[in-house]
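Text of the file run-v5.tsv, holding TSV, C-alpha atoms and all ligand atoms:
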```tsv
chain	number	residue	atom	x	y	z
A	1	MET	CA	14.54	-4.67	4.52
A	2	SER	CA	11.17	-3.03	4.24
A	3	GLY	CA	10.27	0.65	3.90
A	4	TYR	CA	7.73	2.91	5.53
A	5	ILE	CA	4.84	5.14	4.55
A	6	GLU	CA	4.14	8.23	6.61
A	7	LEU	CA	0.52	8.59	7.71
A	8	SER	CA	-1.16	12.02	7.75
A	9	ASN	CA	-0.40	12.39	11.49
A	10	GLY	CA	3.31	11.65	11.00
A	11	VAL	CA	3.20	8.05	12.31
A	12	ARG	CA	5.30	5.72	10.14
A	13	ILE	CA	3.69	2.47	9.03
A	14	PRO	CA	5.82	-0.37	7.64
A	15	SER	CA	4.99	-0.73	3.95
A	16	ILE	CA	4.22	-4.47	4.13
A	17	GLY	CA	2.08	-6.01	6.88
A	18	PHE	CA	1.52	-9.63	7.86
A	19	GLY	CA	-2.10	-10.77	7.41
A	20	THR	CA	-3.80	-13.07	9.95
A	21	TRP	CA	-7.30	-13.59	8.49
A	22	GLN	CA	-8.13	-17.32	8.43
A	23	THR	CA	-5.11	-18.20	10.53
A	24	PRO	CA	-6.28	-20.62	13.22
A	25	ASP	CA	-5.92	-19.40	16.81
A	26	GLY	CA	-3.50	-21.03	19.23
A	27	LYS	CA	-0.14	-22.45	18.23
A	28	THR	CA	-0.65	-21.84	14.47
A	29	ALA	CA	-1.23	-18.11	14.91
A	30	GLU	CA	1.48	-17.88	17.53
A	31	HIS	CA	4.04	-19.57	15.32
A	32	ALA	CA	3.13	-17.71	12.11
A	33	VAL	CA	3.31	-14.29	13.79
A	34	SER	CA	6.48	-15.06	15.71
A	35	PHE	CA	8.13	-16.48	12.56
A	36	ALA	CA	7.10	-13.43	10.51
A	37	LEU	CA	8.48	-11.02	13.12
A	38	ARG	CA	11.77	-12.90	13.20
A	39	ASN	CA	11.97	-12.88	9.40
A	40	GLY	CA	11.67	-9.27	8.34
A	41	TYR	CA	8.06	-8.24	9.09
A	42	SER	CA	7.42	-5.51	11.64
A	43	HIS	CA	3.70	-4.97	11.02
A	44	ILE	CA	0.89	-7.36	12.04
A	45	ASP	CA	-2.67	-6.97	10.79
A	46	ALA	CA	-5.21	-8.48	13.19
A	47	ALA	CA	-8.96	-8.19	13.86
A	48	ALA	CA	-11.34	-9.28	16.60
A	49	ILE	CA	-13.53	-11.24	14.15
A	50	TYR	CA	-10.57	-13.38	13.06
A	51	GLY	CA	-10.94	-15.10	16.45
A	52	ASN	CA	-7.19	-15.47	16.90
A	53	GLU	CA	-6.02	-12.37	18.77
A	54	LYS	CA	-4.82	-14.45	21.75
A	55	GLY	CA	-2.58	-16.50	19.44
A	56	VAL	CA	-1.42	-13.37	17.60
A	57	GLY	CA	-0.52	-11.74	20.95
A	58	ALA	CA	1.35	-14.88	22.03
A	59	GLY	CA	3.27	-14.74	18.73
A	60	ILE	CA	4.24	-11.12	19.33
A	61	ARG	CA	5.61	-12.03	22.77
A	62	ALA	CA	7.30	-15.22	21.55
A	63	SER	CA	9.14	-13.33	18.80
A	64	GLY	CA	11.24	-11.51	21.38
A	65	VAL	CA	10.97	-8.33	19.29
A	66	PRO	CA	10.41	-5.25	21.49
A	67	ARG	CA	6.83	-3.98	21.36
A	68	GLU	CA	7.83	-0.52	20.15
A	69	ARG	CA	9.44	-2.04	17.05
A	70	ILE	CA	6.18	-3.70	15.97
A	71	PHE	CA	3.22	-1.98	14.30
A	72	VAL	CA	0.00	-3.71	15.42
A	73	THR	CA	-3.41	-3.15	13.83
A	74	SER	CA	-6.83	-4.44	14.89
A	75	LYS	CA	-10.42	-3.76	13.85
A	76	VAL	CA	-13.78	-3.30	15.55
A	77	TRP	CA	-16.32	-5.81	14.25
A	78	ASN	CA	-19.74	-4.97	12.79
A	79	THR	CA	-21.76	-6.10	15.83
A	80	GLU	CA	-19.86	-3.64	18.04
A	81	ARG	CA	-20.62	-0.42	16.14
A	82	GLY	CA	-21.61	2.59	18.24
A	83	TYR	CA	-19.84	4.59	20.95
A	84	GLU	CA	-19.81	2.46	24.14
A	85	THR	CA	-19.71	-0.86	22.28
A	86	THR	CA	-16.65	0.22	20.27
A	87	ARG	CA	-14.82	1.27	23.43
A	88	LYS	CA	-15.68	-2.07	25.02
A	89	ALA	CA	-14.55	-4.00	21.92
A	90	PHE	CA	-11.28	-2.08	21.99
A	91	ARG	CA	-10.64	-3.11	25.61
A	92	LYS	CA	-11.30	-6.77	24.76
A	93	THR	CA	-8.96	-6.66	21.75
A	94	LEU	CA	-6.17	-5.12	23.86
A	95	SER	CA	-6.68	-7.74	26.53
A	96	ASP	CA	-6.75	-10.65	24.01
A	97	LEU	CA	-3.60	-9.37	22.32
A	98	GLY	CA	-2.01	-8.72	25.72
A	99	LEU	CA	-1.04	-5.18	24.70
A	100	ASP	CA	-1.51	-1.79	26.33
A	101	TYR	CA	-1.86	0.24	23.12
A	102	LEU	CA	-2.50	-0.31	19.40
A	103	ASP	CA	-0.68	1.32	16.52
A	104	LEU	CA	-3.77	1.34	14.33
A	105	TYR	CA	-7.46	0.61	14.96
A	106	LEU	CA	-9.94	0.36	12.09
A	107	ILE	CA	-13.74	0.19	11.65
A	108	HIS	CA	-13.93	-3.19	9.91
A	109	TRP	CA	-16.89	-2.49	7.57
A	110	PRO	CA	-19.09	0.58	7.09
A	111	ALA	CA	-22.69	0.34	8.22
A	112	ASN	CA	-24.58	0.45	4.90
A	113	ARG	CA	-27.93	1.93	3.93
A	114	LYS	CA	-29.28	-1.41	2.83
A	115	GLN	CA	-29.11	-2.62	6.44
A	116	PHE	CA	-29.54	0.65	8.35
A	117	GLY	CA	-31.61	3.71	7.50
A	118	ASN	CA	-29.22	5.80	9.61
A	119	ALA	CA	-25.99	4.20	8.36
A	120	ASP	CA	-24.01	7.47	8.22
A	121	GLU	CA	-25.03	8.31	11.79
A	122	ILE	CA	-23.91	4.88	13.03
A	123	ASN	CA	-20.54	5.23	11.29
A	124	LEU	CA	-20.06	8.69	12.82
A	125	GLU	CA	-20.86	7.38	16.29
A	126	THR	CA	-18.34	4.55	15.93
A	127	TRP	CA	-15.85	7.08	14.58
A	128	MET	CA	-16.34	9.31	17.64
A	129	ALA	CA	-15.31	6.39	19.89
A	130	MET	CA	-12.23	5.79	17.73
A	131	THR	CA	-11.41	9.51	17.85
A	132	GLU	CA	-11.69	9.60	21.66
A	133	LEU	CA	-9.44	6.54	22.07
A	134	TYR	CA	-6.94	8.19	19.75
A	135	LYS	CA	-7.01	11.46	21.69
A	136	GLU	CA	-6.56	9.50	24.93
A	137	GLY	CA	-3.31	8.11	23.48
A	138	LYS	CA	-4.45	4.47	23.42
A	139	ILE	CA	-4.07	4.20	19.62
A	140	ARG	CA	-1.34	5.84	17.50
A	141	ALA	CA	-3.50	6.08	14.35
A	142	ILE	CA	-7.12	5.38	13.40
A	143	GLY	CA	-8.89	4.51	10.18
A	144	VAL	CA	-11.45	2.38	8.42
A	145	SER	CA	-11.73	-0.68	6.24
A	146	ASN	CA	-13.90	-1.38	3.21
A	147	PHE	CA	-15.13	2.23	3.13
A	148	LEU	CA	-16.02	3.62	-0.30
A	149	PRO	CA	-15.69	7.38	-0.93
A	150	HIS	CA	-19.33	8.00	0.00
A	151	HIS	CA	-18.79	6.27	3.39
A	152	LEU	CA	-15.59	8.26	3.96
A	153	GLU	CA	-17.00	11.67	3.09
A	154	PRO	CA	-18.96	12.27	6.36
A	155	LEU	CA	-15.87	11.29	8.40
A	156	MET	CA	-13.77	13.84	6.53
A	157	GLU	CA	-15.81	16.59	8.20
A	158	THR	CA	-14.85	15.52	11.76
A	159	SER	CA	-11.97	16.70	14.01
A	160	VAL	CA	-9.76	13.67	13.27
A	161	LYS	CA	-9.84	12.35	9.71
A	162	PRO	CA	-9.25	8.69	8.90
A	163	MET	CA	-5.56	7.98	8.29
A	164	VAL	CA	-6.00	4.58	6.61
A	165	ASP	CA	-8.55	2.71	4.49
A	166	GLN	CA	-7.96	-1.03	4.17
A	167	ILE	CA	-9.68	-2.45	1.09
A	168	GLU	CA	-9.57	-5.51	-1.11
A	169	TYR	CA	-6.81	-4.83	-3.61
A	170	HIS	CA	-4.88	-7.09	-5.98
A	171	PRO	CA	-4.37	-7.51	-9.74
A	172	GLY	CA	-7.92	-7.98	-11.00
A	173	CYS	CA	-9.42	-5.81	-8.21
A	174	LEU	CA	-7.95	-2.31	-8.14
A	175	GLN	CA	-10.85	-0.20	-6.80
A	176	ASP	CA	-9.51	2.85	-8.67
A	177	GLU	CA	-12.13	5.30	-7.46
A	178	THR	CA	-11.54	4.54	-3.77
A	179	VAL	CA	-7.74	4.53	-4.16
A	180	ARG	CA	-7.86	7.89	-5.97
A	181	PHE	CA	-10.12	9.42	-3.31
A	182	CYS	CA	-7.83	8.19	-0.52
A	183	GLN	CA	-4.59	9.27	-2.14
A	184	LYS	CA	-6.04	12.71	-2.83
A	185	ASN	CA	-7.09	13.03	0.83
A	186	ARG	CA	-3.88	11.66	2.40
A	187	ILE	CA	-5.54	8.45	3.53
A	188	ALA	CA	-3.06	5.57	3.23
A	189	VAL	CA	-4.50	2.56	1.38
A	190	GLU	CA	-3.90	-0.95	2.68
A	191	ALA	CA	-4.57	-4.07	0.60
A	192	TRP	CA	-6.40	-7.00	2.13
A	193	SER	CA	-5.97	-10.21	0.19
A	194	PRO	CA	-3.15	-8.81	-1.98
A	195	LEU	CA	-2.92	-12.30	-3.54
A	196	GLY	CA	-6.68	-12.45	-4.09
A	197	GLN	CA	-6.67	-15.16	-1.38
A	198	GLY	CA	-4.60	-17.20	-3.79
A	199	ARG	CA	-7.20	-16.93	-6.58
A	200	VAL	CA	-5.09	-14.76	-8.91
A	201	LEU	CA	-1.90	-16.78	-8.47
A	202	GLY	CA	-2.79	-19.21	-11.26
A	203	ASP	CA	-3.24	-16.49	-13.85
A	204	PRO	CA	-0.91	-17.26	-16.80
A	205	GLU	CA	-0.32	-13.62	-17.75
A	206	LEU	CA	0.75	-12.69	-14.21
A	207	ALA	CA	2.92	-15.82	-14.09
A	208	ARG	CA	4.62	-14.80	-17.35
A	209	ILE	CA	5.37	-11.27	-16.10
A	210	ALA	CA	6.63	-12.64	-12.75
A	211	ALA	CA	8.92	-15.14	-14.50
A	212	HIS	CA	10.49	-12.28	-16.42
A	213	TYR	CA	11.84	-10.96	-13.08
A	214	GLY	CA	12.68	-14.40	-11.73
A	215	LYS	CA	10.01	-13.91	-9.06
A	216	SER	CA	6.83	-15.77	-8.06
A	217	THR	CA	3.37	-14.51	-8.97
A	218	ALA	CA	2.77	-13.80	-5.25
A	219	GLN	CA	5.88	-11.60	-5.15
A	220	LEU	CA	4.71	-9.79	-8.29
A	221	CYS	CA	1.32	-9.04	-6.70
A	222	ILE	CA	2.96	-7.73	-3.52
A	223	ARG	CA	5.44	-5.59	-5.45
A	224	PHE	CA	2.60	-4.29	-7.63
A	225	ALA	CA	0.82	-2.96	-4.53
A	226	LEU	CA	4.02	-1.39	-3.17
A	227	GLN	CA	4.73	0.41	-6.45
A	228	ASN	CA	1.23	1.88	-6.30
A	229	SER	CA	1.89	3.15	-2.72
A	230	VAL	CA	-0.60	0.61	-1.38
A	231	ILE	CA	0.39	-1.37	1.76
A	232	PRO	CA	-0.04	-5.12	1.08
A	233	LEU	CA	-0.99	-7.47	3.95
A	234	PRO	CA	-0.23	-10.96	2.63
A	235	LYS	CA	-1.34	-13.83	4.87
A	236	SER	CA	0.39	-17.17	5.15
A	237	VAL	CA	0.93	-19.87	7.73
A	238	THR	CA	3.68	-21.49	5.64
A	239	GLU	CA	7.25	-20.58	6.58
A	240	SER	CA	8.64	-20.60	3.02
A	241	ARG	CA	5.79	-18.37	1.79
A	242	ILE	CA	6.08	-15.99	4.75
A	243	ARG	CA	9.73	-15.46	3.74
A	244	GLU	CA	8.91	-15.31	0.02
A	245	ASN	CA	6.25	-12.64	0.51
A	246	ILE	CA	8.65	-10.12	2.02
A	247	ASP	CA	11.48	-10.85	-0.41
A	248	VAL	CA	10.26	-8.20	-2.84
A	249	TYR	CA	12.81	-5.42	-2.50
A	250	ASP	CA	15.34	-6.65	-5.06
A	251	PHE	CA	13.35	-5.99	-8.23
A	252	GLU	CA	11.23	-3.30	-9.82
A	253	ILE	CA	8.27	-3.87	-12.12
A	254	SER	CA	8.71	-1.77	-15.28
A	255	ALA	CA	6.20	0.96	-16.13
A	256	GLU	CA	5.15	-1.14	-19.11
A	257	ASP	CA	4.42	-4.22	-16.99
A	258	MET	CA	2.65	-2.09	-14.35
A	259	ALA	CA	0.39	-0.78	-17.12
A	260	GLU	CA	-0.19	-4.27	-18.44
A	261	ILE	CA	-1.27	-5.57	-15.01
A	262	ARG	CA	-3.46	-2.50	-14.60
A	263	ALA	CA	-5.14	-3.18	-17.96
A	264	MET	CA	-6.03	-6.77	-17.08
A	265	GLY	CA	-9.53	-5.82	-15.94
A	266	ASP	CA	-11.59	-7.42	-13.19
A	267	PHE	CA	-10.99	-11.01	-12.11
A	268	GLY	CA	-10.39	-12.99	-8.95
A	269	GLY	CA	-12.25	-10.57	-6.66
A	270	SER	CA	-14.17	-11.72	-3.56
A	271	GLY	CA	-17.36	-10.11	-4.88
A	272	LEU	CA	-17.97	-8.43	-1.49
A	273	ASN	CA	-19.58	-5.03	-1.99
A	274	PRO	CA	-19.66	-2.83	1.14
A	275	ASP	CA	-23.01	-1.38	0.06
A	276	GLU	CA	-24.54	-4.85	-0.26
A	277	ILE	CA	-23.13	-6.91	2.60
A	278	ASP	CA	-25.62	-8.26	5.12
A	279	PHE	CA	-23.25	-9.27	7.93
B	1	LIG	P1	-1.14	-20.49	3.38
B	1	LIG	O1	-1.53	-19.59	4.50
B	1	LIG	O2	-1.65	-21.88	3.56
B	1	LIG	O3	0.36	-20.47	3.11
B	1	LIG	P2	-4.23	-13.33	0.72
B	1	LIG	O4	-3.11	-12.77	1.55
B	1	LIG	O5	-4.41	-12.67	-0.60
B	1	LIG	O6	-5.53	-13.42	1.50
B	1	LIG	O7	-3.84	-14.85	0.36
B	1	LIG	C1	-3.69	-15.83	1.36
B	1	LIG	C2	-3.75	-17.20	0.73
B	1	LIG	O8	-2.66	-17.35	-0.21
B	1	LIG	C3	-3.58	-18.31	1.73
B	1	LIG	O9	-4.36	-19.41	1.29
B	1	LIG	C4	-2.10	-18.63	1.68
B	1	LIG	O10	-1.86	-20.00	2.01
B	1	LIG	C5	-1.79	-18.40	0.21
B	1	LIG	N1	-0.42	-17.88	0.00
B	1	LIG	C6	0.22	-16.95	0.73
B	1	LIG	N2	1.44	-16.71	0.22
B	1	LIG	C7	1.58	-17.49	-0.86
B	1	LIG	C8	2.62	-17.68	-1.81
B	1	LIG	N3	3.75	-17.01	-1.72
B	1	LIG	N4	2.40	-18.59	-2.80
B	1	LIG	C9	1.25	-19.27	-2.89
B	1	LIG	N5	0.22	-19.13	-2.03
B	1	LIG	C10	0.38	-18.25	-1.02
```

Have the structure of the file written as structure tokens, please.
Amino acid sequence: MSGYIELSNGVRIPSIGFGTWQTPDGKTAEHAVSFALRNGYSHIDAAAIYGNEKGVGAGIRASGVPRERIFVTSKVWNTERGYETTRKAFRKTLSDLGLDYLDLYLIHWPANRKQFGNADEINLETWMAMTELYKEGKIRAIGVSNFLPHHLEPLMETSVKPMVDQIEYHPGCLQDETVRFCQKNRIAVEAWSPLGQGRVLGDPELARIAAHYGKSTAQLCIRFALQNSVIPLPKSVTESRIRENIDVYDFEISAEDMAEIRAMGDFGGSGLNPDEIDF
């Protein structure tokens, strides 16, 4: 049984999502998504750049779960920024997924000043396309991904404010400043790579805390995000792990252990800085 978080526009988002980054298209994506939906997940996190939206869509259909009981997210890729290109990218994503609306659509990465002199203007133009699609009823909620407070600020002045920011978040990478900014402004925070893509799972201190609850280190990381009101999006193509990653509602990390994880400092991050990326 999973819970929900209410977005600023009243839409309810399931508090754990199923990640699909690096899941191969075709039967693998189809099976992983269908298995997840039949085993407790009701929220799928997709993106055009993952190259597997056809398989993800097939998995949604194969699950037999009614569309309205599934929360589906996708993201517009960096090469499609701008007004018309974003609208076109949205149509392609819908067609690849085989859906007629999305629950959430995100700008995948902010345009940054290192690459574009007019980065803020580009982000606003992309945001206007997202806003229009939202007002037309084709998307239930809109947001961004990998935006730092200074990328978010110009969007906060527009008619529809971002409802979600999806960022890298896991023990060892907590992005406090961005999380604080979002929580203060009613922007729900989602965690990509809540297991640090597997990199933090070998950490002995995390393993020791997890063992104390009779849980795996992956489950500890997922529960840690939940207890910080962050929506984790663990990815797996392995049935036992898909089940394991949602089996996190029968324990609670103590305030002391939460503080200990918090105090662990930086490790296991991807090293991707939205102000520095060149893709
Ligand atoms: P796989 O998909 O082969 O099962 P993240 O969600 O942080 O990006 O992490 C995804 C990576 O972690 C994938 O390599 C995935 O492997 C692995 N993974 C997912 N769940 C677990 C788990 N419960 N235990 C160990 N590794 C996991």

Could you give me, as JSON, numbers by chain, the residues within 12 Å of A:Arg69, counting only C-alpha atoms and dropping anything in the same chain fewer than 3 positions from it?
{"A": [12, 13, 14, 37, 38, 40, 41, 42, 43, 44, 60, 63, 64, 65, 66, 72, 103]}

Sort by chain and increasing residue number a table of all residues of stretch 127-239 of chain A within 8 Å of stretch 23-32 of chain A, each with its closest pair of atoms and their distance in Å to one decimal, counting only C-alpha atoms, and write it as a tab-separated table.
```
residue	atom	partner	partner_atom	distance
A:Ser236	CA	A:Ala32	CA	7.5
A:Val237	CA	A:Ala32	CA	5.4
A:Thr238	CA	A:Ala32	CA	7.5
A:Glu239	CA	A:Ala32	CA	7.5
```

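Proximity of A:Ser254, A:Gln227, A:Asn78, A:Thr217 to ligand LIG 1 (chain B), computed with only C-alpha atoms and all ligand atoms, is greatest for A:Thr217.
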
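Nearest to ligand LIG 1 (chain B) of all the residues A:Val179, A:Leu152, A:Ala48, A:Ile231 is A:Ile231, counting all atoms listed in the file.
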
Between chain A and ligand LIG 1 (chain B), at 6 Å or less, what are the per-residue closest atom pairs and their distances in Å? Count only C-alpha atoms and all ligand atoms, order by chain and rising residue number, and return it as a Markdown table.
```
| residue | atom | partner | partner_atom | distance |
| --- | --- | --- | --- | --- |
| A:Ser193 | CA | B:LIG1 | O5 | 3.0 |
| A:Pro194 | CA | B:LIG1 | O5 | 4.3 |
| A:Leu195 | CA | B:LIG1 | O5 | 3.3 |
| A:Gly196 | CA | B:LIG1 | O5 | 4.2 |
| A:Gln197 | CA | B:LIG1 | O7 | 3.3 |
| A:Gly198 | CA | B:LIG1 | O8 | 4.1 |
| A:Ala218 | CA | B:LIG1 | N3 | 4.9 |
| A:Pro234 | CA | B:LIG1 | O4 | 3.6 |
| A:Lys235 | CA | B:LIG1 | O4 | 3.9 |
| A:Ser236 | CA | B:LIG1 | O1 | 3.2 |
| A:Val237 | CA | B:LIG1 | O1 | 4.1 |
| A:Thr238 | CA | B:LIG1 | O3 | 4.3 |
| A:Arg241 | CA | B:LIG1 | N3 | 4.3 |
| A:Glu244 | CA | B:LIG1 | N3 | 5.7 |
| A:Asn245 | CA | B:LIG1 | N3 | 5.5 |
```

From the list A:Ser240, A:Gly55, A:Glu68, A:Ala263, which residue is nearest A:Ala36 when using all atoms listed in the file?
A:Ser240

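Atom CA of A:Val164 lies 15.4 Å from atom CA of A:Glu177.
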
Separation of atom CA of A:Asn146 from atom CA of A:Asn39 in Å:
29.0 Å

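The closest residue to A:Val200, picked from A:Thr178, A:Asn228, A:Ser216, A:Ser95 and counting all atoms listed in the file, is A:Ser216.
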
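The coordinates place atom CA of A:Phe147 at 21.7 Å from atom CA of A:Arg262.
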
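Of the residues under consideration (A:Lys138, A:Lys92, A:Lys54, A:Lys161), A:Lys161 shows the shortest atom-to-atom contact distance to A:Asn9 when counting all atoms listed in the file.
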
Leaving out A:Ile261 and any residue of its chain fewer than 6 positions from it, which residues lie within 12 Å of it when counting all atoms listed in the file, given as a PyMOL selection string?
chain A and resi 170-174+200+203-210+217+220-221+223-225+228+253-255+267

Find the nearest atom pair between each residue of stretch 121-166 of chain A and stretch 270-277 of chain A for residues within 12 Å, count all atoms listed in the file, give distances in Å to one decimal, sort rows by chain and ascending number, and present the table as JSON lines.
```
{"residue": "A:Ser145", "atom": "CA", "partner": "A:Pro274", "partner_atom": "CA", "distance": 9.7}
{"residue": "A:Asn146", "atom": "CA", "partner": "A:Pro274", "partner_atom": "CA", "distance": 6.3}
{"residue": "A:Phe147", "atom": "CA", "partner": "A:Pro274", "partner_atom": "CA", "distance": 7.1}
{"residue": "A:Leu148", "atom": "CA", "partner": "A:Pro274", "partner_atom": "CA", "distance": 7.5}
{"residue": "A:Pro149", "atom": "CA", "partner": "A:Pro274", "partner_atom": "CA", "distance": 11.1}
{"residue": "A:His150", "atom": "CA", "partner": "A:Asp275", "partner_atom": "CA", "distance": 10.1}
{"residue": "A:His151", "atom": "CA", "partner": "A:Asp275", "partner_atom": "CA", "distance": 9.3}
```

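Between A:Arg81 and the residues A:Glu125, A:Asp45, A:Asp266, A:Glu168, the shortest atom-to-atom distance, using only C-alpha atoms, involves A:Glu125.
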
Using all atoms listed in the file - which residues lie no farther than 12 Å from the point (-13.4, -6.4, 16.9) in the file's frame? Write them as a ChimeraX atom specification.
/A:46-53,73-81,85-97,105-109

Could you write out that same residue set with C-alpha atoms as an mmCIF file, in the frame of the given file?
```
data_model
loop_
_atom_site.group_PDB
_atom_site.id
_atom_site.type_symbol
_atom_site.label_atom_id
_atom_site.label_comp_id
_atom_site.auth_asym_id
_atom_site.auth_seq_id
_atom_site.Cartn_x
_atom_site.Cartn_y
_atom_site.Cartn_z
ATOM 1 C CA ALA A 46 -5.210 -8.480 13.190
ATOM 2 C CA ALA A 47 -8.960 -8.190 13.860
ATOM 3 C CA ALA A 48 -11.340 -9.280 16.600
ATOM 4 C CA ILE A 49 -13.530 -11.240 14.150
ATOM 5 C CA TYR A 50 -10.570 -13.380 13.060
ATOM 6 C CA GLY A 51 -10.940 -15.100 16.450
ATOM 7 C CA ASN A 52 -7.190 -15.470 16.900
ATOM 8 C CA GLU A 53 -6.020 -12.370 18.770
ATOM 9 C CA THR A 73 -3.410 -3.150 13.830
ATOM 10 C CA SER A 74 -6.830 -4.440 14.890
ATOM 11 C CA LYS A 75 -10.420 -3.760 13.850
ATOM 12 C CA VAL A 76 -13.780 -3.300 15.550
ATOM 13 C CA TRP A 77 -16.320 -5.810 14.250
ATOM 14 C CA ASN A 78 -19.740 -4.970 12.790
ATOM 15 C CA THR A 79 -21.760 -6.100 15.830
ATOM 16 C CA GLU A 80 -19.860 -3.640 18.040
ATOM 17 C CA ARG A 81 -20.620 -0.420 16.140
ATOM 18 C CA THR A 85 -19.710 -0.860 22.280
ATOM 19 C CA THR A 86 -16.650 0.220 20.270
ATOM 20 C CA ARG A 87 -14.820 1.270 23.430
ATOM 21 C CA LYS A 88 -15.680 -2.070 25.020
ATOM 22 C CA ALA A 89 -14.550 -4.000 21.920
ATOM 23 C CA PHE A 90 -11.280 -2.080 21.990
ATOM 24 C CA ARG A 91 -10.640 -3.110 25.610
ATOM 25 C CA LYS A 92 -11.300 -6.770 24.760
ATOM 26 C CA THR A 93 -8.960 -6.660 21.750
ATOM 27 C CA LEU A 94 -6.170 -5.120 23.860
ATOM 28 C CA SER A 95 -6.680 -7.740 26.530
ATOM 29 C CA ASP A 96 -6.750 -10.650 24.010
ATOM 30 C CA LEU A 97 -3.600 -9.370 22.320
ATOM 31 C CA TYR A 105 -7.460 0.610 14.960
ATOM 32 C CA LEU A 106 -9.940 0.360 12.090
ATOM 33 C CA ILE A 107 -13.740 0.190 11.650
ATOM 34 C CA HIS A 108 -13.930 -3.190 9.910
ATOM 35 C CA TRP A 109 -16.890 -2.490 7.570
#
```

Name the residues in contact with A:Glu121 at a cut-off of 12 Å, using only C-alpha atoms, excluding same-chain residues fewer than 5 positions from it; report them as JSON, numbers by chain.
{"A": [81, 82, 83, 110, 111, 112, 113, 116, 126, 127, 128, 151, 154, 155]}

Which residues are close to A:Trp192, i.e. within 7 Å by all atoms listed in the file, leaving aside same-chain residues fewer than 5 positions away? Reply as a PDB file with C-alpha atoms, in the coordinates of the input.
```pdb
ATOM      1  CA  GLN A 166      -7.960  -1.030   4.170  1.00  0.00           C
ATOM      2  CA  ILE A 167      -9.680  -2.450   1.090  1.00  0.00           C
ATOM      3  CA  GLU A 168      -9.570  -5.510  -1.110  1.00  0.00           C
ATOM      4  CA  TYR A 169      -6.810  -4.830  -3.610  1.00  0.00           C
ATOM      5  CA  PRO A 232      -0.040  -5.120   1.080  1.00  0.00           C
ATOM      6  CA  LEU A 233      -0.990  -7.470   3.950  1.00  0.00           C
TER       7      LEU A 233
END
```

N, CA, C and O atoms are what I want for stretch 46-56 of chain A; can you complete it accordingly and write them as a short mmCIF file (atom, residue, chain, number, x, y, z; two decimals), in the coordinates of the input?
```cif
data_model
loop_
_atom_site.label_atom_id
_atom_site.label_comp_id
_atom_site.auth_asym_id
_atom_site.auth_seq_id
_atom_site.Cartn_x
_atom_site.Cartn_y
_atom_site.Cartn_z
N ALA A 46 -4.31 -7.58 12.48
CA ALA A 46 -5.21 -8.48 13.19
C ALA A 46 -6.63 -7.93 13.17
O ALA A 46 -6.87 -6.83 12.66
N ALA A 47 -7.58 -8.68 13.71
CA ALA A 47 -8.96 -8.19 13.86
C ALA A 47 -9.67 -9.09 14.84
O ALA A 47 -9.41 -10.31 14.89
N ALA A 48 -10.60 -8.50 15.60
CA ALA A 48 -11.34 -9.28 16.60
C ALA A 48 -12.07 -10.45 15.94
O ALA A 48 -12.06 -11.57 16.45
N ILE A 49 -12.69 -10.21 14.78
CA ILE A 49 -13.53 -11.24 14.15
C ILE A 49 -12.70 -12.42 13.66
O ILE A 49 -13.25 -13.51 13.43
N TYR A 50 -11.40 -12.25 13.51
CA TYR A 50 -10.57 -13.38 13.06
C TYR A 50 -10.49 -14.47 14.14
O TYR A 50 -10.08 -15.60 13.86
N GLY A 51 -10.86 -14.10 15.38
CA GLY A 51 -10.94 -15.10 16.45
C GLY A 51 -9.59 -15.66 16.87
O GLY A 51 -9.53 -16.76 17.44
N ASN A 52 -8.52 -14.92 16.59
CA ASN A 52 -7.19 -15.47 16.90
C ASN A 52 -6.27 -14.45 17.59
O ASN A 52 -5.05 -14.58 17.55
N GLU A 53 -6.88 -13.43 18.22
CA GLU A 53 -6.02 -12.37 18.77
C GLU A 53 -5.17 -12.87 19.95
O GLU A 53 -4.08 -12.35 20.18
N LYS A 54 -5.65 -13.91 20.65
CA LYS A 54 -4.82 -14.45 21.75
C LYS A 54 -3.56 -15.10 21.16
O LYS A 54 -2.45 -14.88 21.66
N GLY A 55 -3.73 -15.87 20.09
CA GLY A 55 -2.58 -16.50 19.44
C GLY A 55 -1.65 -15.48 18.82
O GLY A 55 -0.42 -15.60 18.90
N VAL A 56 -2.23 -14.44 18.21
CA VAL A 56 -1.42 -13.37 17.60
C VAL A 56 -0.59 -12.69 18.69
O VAL A 56 0.62 -12.47 18.53
#
```
